[in-house]
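Single-structure report; data block below.
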Amino acid sequence: MRIGELSKRTGTPSRLLRYYEEQGLLAPQRCANGYRFYPATTVDRVRQIRGLLDAGLPTRIIKQILRCLREPMDIYFADATPEMIATLERERDRMTDRVEFLTRNRDAIAAYLEAVRRYRPTNAEGHPAADEQRTVPPRDASDSP
DNA sequence: ATTCTTACA
DNA sequence: TGTAAGAA
């Protein structure tokens, strides 16, 4: 399939599909007219990439991981070099840190919401009255993982 | 009509 | 990441 269809089937902008290729995450074939041609298995490949990206992994690391998850979508222990193990452990720890960070902020926001609901009851529609839209800035909102 | 590359915000 | 321009 060409980039347009892959884009539609993965919900990923073609701009990004080209970017992933540039980063070495994808390696489509080329048609005579120069158009990129992706095998059907690329759909899952892109889902894998998006998943890892959403998990906060940098494309640099994903490139390494993808070499262990060939086409069909199973794991190749043969490529599990000591270096790979080390990078994966490092990423796992970073993820753990982010989980804790997000948990703290989620709880801070939840507490804020609770406080707001306590001193300002909502109306029938479940929203604050128009003349009560003034807000109080949330507490701990530090962000930058 | 679709995709390509390159460049810039 | 998004968008733009010009070519194929």
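Residue names in the structure tokens use chain letters A, B, ... in the order shown, residue numbers from 1 in each chain, and ligand numbers from 1 in the order shown.
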How close does chain B get to chain A? List, as a Markdown table, each residue of chain B within 8 Å, its nearest atom pair and the distance in Å to one decimal, counting only C-alpha atoms (C1' of nucleotides).
```
| residue | atom | partner | partner_atom | distance |
| --- | --- | --- | --- | --- |
| B:DT2 | C1' | A:Gly4 | CA | 7.9 |
| B:DT3 | C1' | A:Tyr35 | CA | 6.1 |
| B:DC4 | C1' | A:Tyr35 | CA | 7.3 |
```
For those residues, write all heavy atoms to a file as a CSV table (one decimal), in the first residue's frame.
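In the end it all went to again-v5.csv:
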```csv
chain,number,residue,atom,x,y,z
B,2,DT,P,-7.2,11.1,-3.9
B,2,DT,OP1,-8.0,9.9,-3.6
B,2,DT,OP2,-7.3,12.4,-3.2
B,2,DT,O5',-5.7,10.6,-3.8
B,2,DT,C5',-4.8,10.9,-4.9
B,2,DT,C4',-3.5,10.2,-4.7
B,2,DT,O4',-2.6,10.9,-5.6
B,2,DT,C3',-2.9,10.4,-3.3
B,2,DT,O3',-2.2,9.2,-2.9
B,2,DT,C2',-2.0,11.6,-3.4
B,2,DT,C1',-1.6,11.6,-4.9
B,2,DT,N1,-1.4,12.9,-5.5
B,2,DT,C2,-0.2,13.0,-6.3
B,2,DT,O2,0.6,12.1,-6.5
B,2,DT,N3,-0.1,14.3,-6.9
B,2,DT,C4,-0.9,15.4,-6.7
B,2,DT,O4,-0.6,16.4,-7.3
B,2,DT,C5,-2.1,15.1,-5.9
B,2,DT,C7,-3.0,16.3,-5.6
B,2,DT,C6,-2.2,13.9,-5.3
B,3,DT,P,-1.4,9.2,-1.5
B,3,DT,OP1,-1.3,7.7,-1.2
B,3,DT,OP2,-1.9,10.1,-0.5
B,3,DT,O5',0.1,9.6,-2.0
B,3,DT,C5',0.7,8.9,-3.1
B,3,DT,C4',2.1,9.5,-3.3
B,3,DT,O4',2.0,10.7,-4.1
B,3,DT,C3',2.9,9.8,-2.1
B,3,DT,O3',4.2,9.1,-2.2
B,3,DT,C2',3.0,11.3,-2.1
B,3,DT,C1',2.9,11.6,-3.5
B,3,DT,N1,2.4,13.0,-3.8
B,3,DT,C2,3.1,13.8,-4.7
B,3,DT,O2,4.1,13.4,-5.3
B,3,DT,N3,2.6,15.0,-4.9
B,3,DT,C4,1.5,15.6,-4.3
B,3,DT,O4,1.2,16.8,-4.6
B,3,DT,C5,0.9,14.7,-3.4
B,3,DT,C7,-0.3,15.2,-2.6
B,3,DT,C6,1.3,13.5,-3.2
B,4,DC,P,5.4,9.4,-1.2
B,4,DC,OP1,6.2,8.2,-1.1
B,4,DC,OP2,4.8,10.1,0.0
B,4,DC,O5',6.2,10.6,-1.9
B,4,DC,C5',6.6,10.3,-3.3
B,4,DC,C4',7.7,11.2,-3.6
B,4,DC,O4',7.2,12.5,-4.2
B,4,DC,C3',8.5,11.5,-2.4
B,4,DC,O3',9.9,11.4,-2.5
B,4,DC,C2',8.2,13.0,-2.1
B,4,DC,C1',7.7,13.5,-3.4
B,4,DC,N1,6.6,14.5,-3.1
B,4,DC,C2,6.6,15.8,-3.6
B,4,DC,O2,7.6,16.1,-4.3
B,4,DC,N3,5.7,16.6,-3.2
B,4,DC,C4,4.7,16.2,-2.4
B,4,DC,N4,3.8,17.1,-2.1
B,4,DC,C5,4.6,14.9,-2.0
B,4,DC,C6,5.5,14.0,-2.3
```
So that I can check the surroundings of DT3 in chain C, please list as a list of chain:residue names every protein, DNA and RNA residue that reaches within 12 Å of it, counting only C-alpha atoms (C1' of nucleotides) and ignoring chain neighbours fewer than 6 positions away.
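Surrounding residues, per the criterion: A:Arg15, B:DA7, B:DC8, B:DA9.
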Output for the residues just chosen: N, CA, C and O atoms (P, O5', C5', C4', C3', O3' and C1' of nucleotides) as a PDB file, in the first residue's frame:
```pdb
ATOM      1  N   ARG A  15       3.050  12.809   6.989  1.00  0.00           N
ATOM      2  CA  ARG A  15       4.242  13.581   7.354  1.00  0.00           C
ATOM      3  C   ARG A  15       5.063  12.797   8.371  1.00  0.00           C
ATOM      4  O   ARG A  15       6.276  12.735   8.318  1.00  0.00           O
TER       5      ARG A  15
ATOM      6  P    DA B   7      16.541  22.285   1.579  1.00  0.00           P
ATOM      7  O5'  DA B   7      15.472  23.280   2.221  1.00  0.00           O
ATOM      8  C5'  DA B   7      14.627  24.044   1.372  1.00  0.00           C
ATOM      9  C4'  DA B   7      13.686  24.880   2.217  1.00  0.00           C
ATOM     10  C3'  DA B   7      14.302  25.331   3.543  1.00  0.00           C
ATOM     11  O3'  DA B   7      13.926  26.685   3.780  1.00  0.00           O
ATOM     12  C1'  DA B   7      12.293  24.165   3.958  1.00  0.00           C
ATOM     13  P    DC B   8      14.644  27.512   4.943  1.00  0.00           P
ATOM     14  O5'  DC B   8      13.405  27.927   5.832  1.00  0.00           O
ATOM     15  C5'  DC B   8      12.227  28.421   5.198  1.00  0.00           C
ATOM     16  C4'  DC B   8      11.085  28.441   6.187  1.00  0.00           C
ATOM     17  C3'  DC B   8      11.511  28.906   7.577  1.00  0.00           C
ATOM     18  O3'  DC B   8      10.493  29.740   8.104  1.00  0.00           O
ATOM     19  C1'  DC B   8      10.461  26.828   7.750  1.00  0.00           C
ATOM     20  P    DA B   9      10.821  30.619   9.412  1.00  0.00           P
ATOM     21  O5'  DA B   9       9.518  30.301  10.265  1.00  0.00           O
ATOM     22  C5'  DA B   9       8.214  30.473   9.677  1.00  0.00           C
ATOM     23  C4'  DA B   9       7.168  29.892  10.612  1.00  0.00           C
ATOM     24  C3'  DA B   9       7.319  30.346  12.059  1.00  0.00           C
ATOM     25  O3'  DA B   9       6.032  30.387  12.678  1.00  0.00           O
ATOM     26  C1'  DA B   9       7.542  28.016  11.961  1.00  0.00           C
TER      27       DA B   9
END
```
Using the chain letters and numbers from this document, which residues of range 7-61 of chain A does DSSP assign to alpha helix (DSSP H), as a PyMOL selection string?
chain A and resi 7-10+14-22+42-54+59-61
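Taking CA of Met95 in chain A and CA of Val46 in chain A as endpoints, the distance between them is 20.8 Å.
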Could you state the separation of CA of Thr59 in chain A and CA of Gln23 in chain A in Å, given to one decimal place?
6.9 Å
Please identify all residues of chain C having at least one atom at most 10 Å from any atom of chain A, considering only C-alpha atoms (C1' of nucleotides), and return them as a VMD selection string.
chain C and resid 1 to 2 8
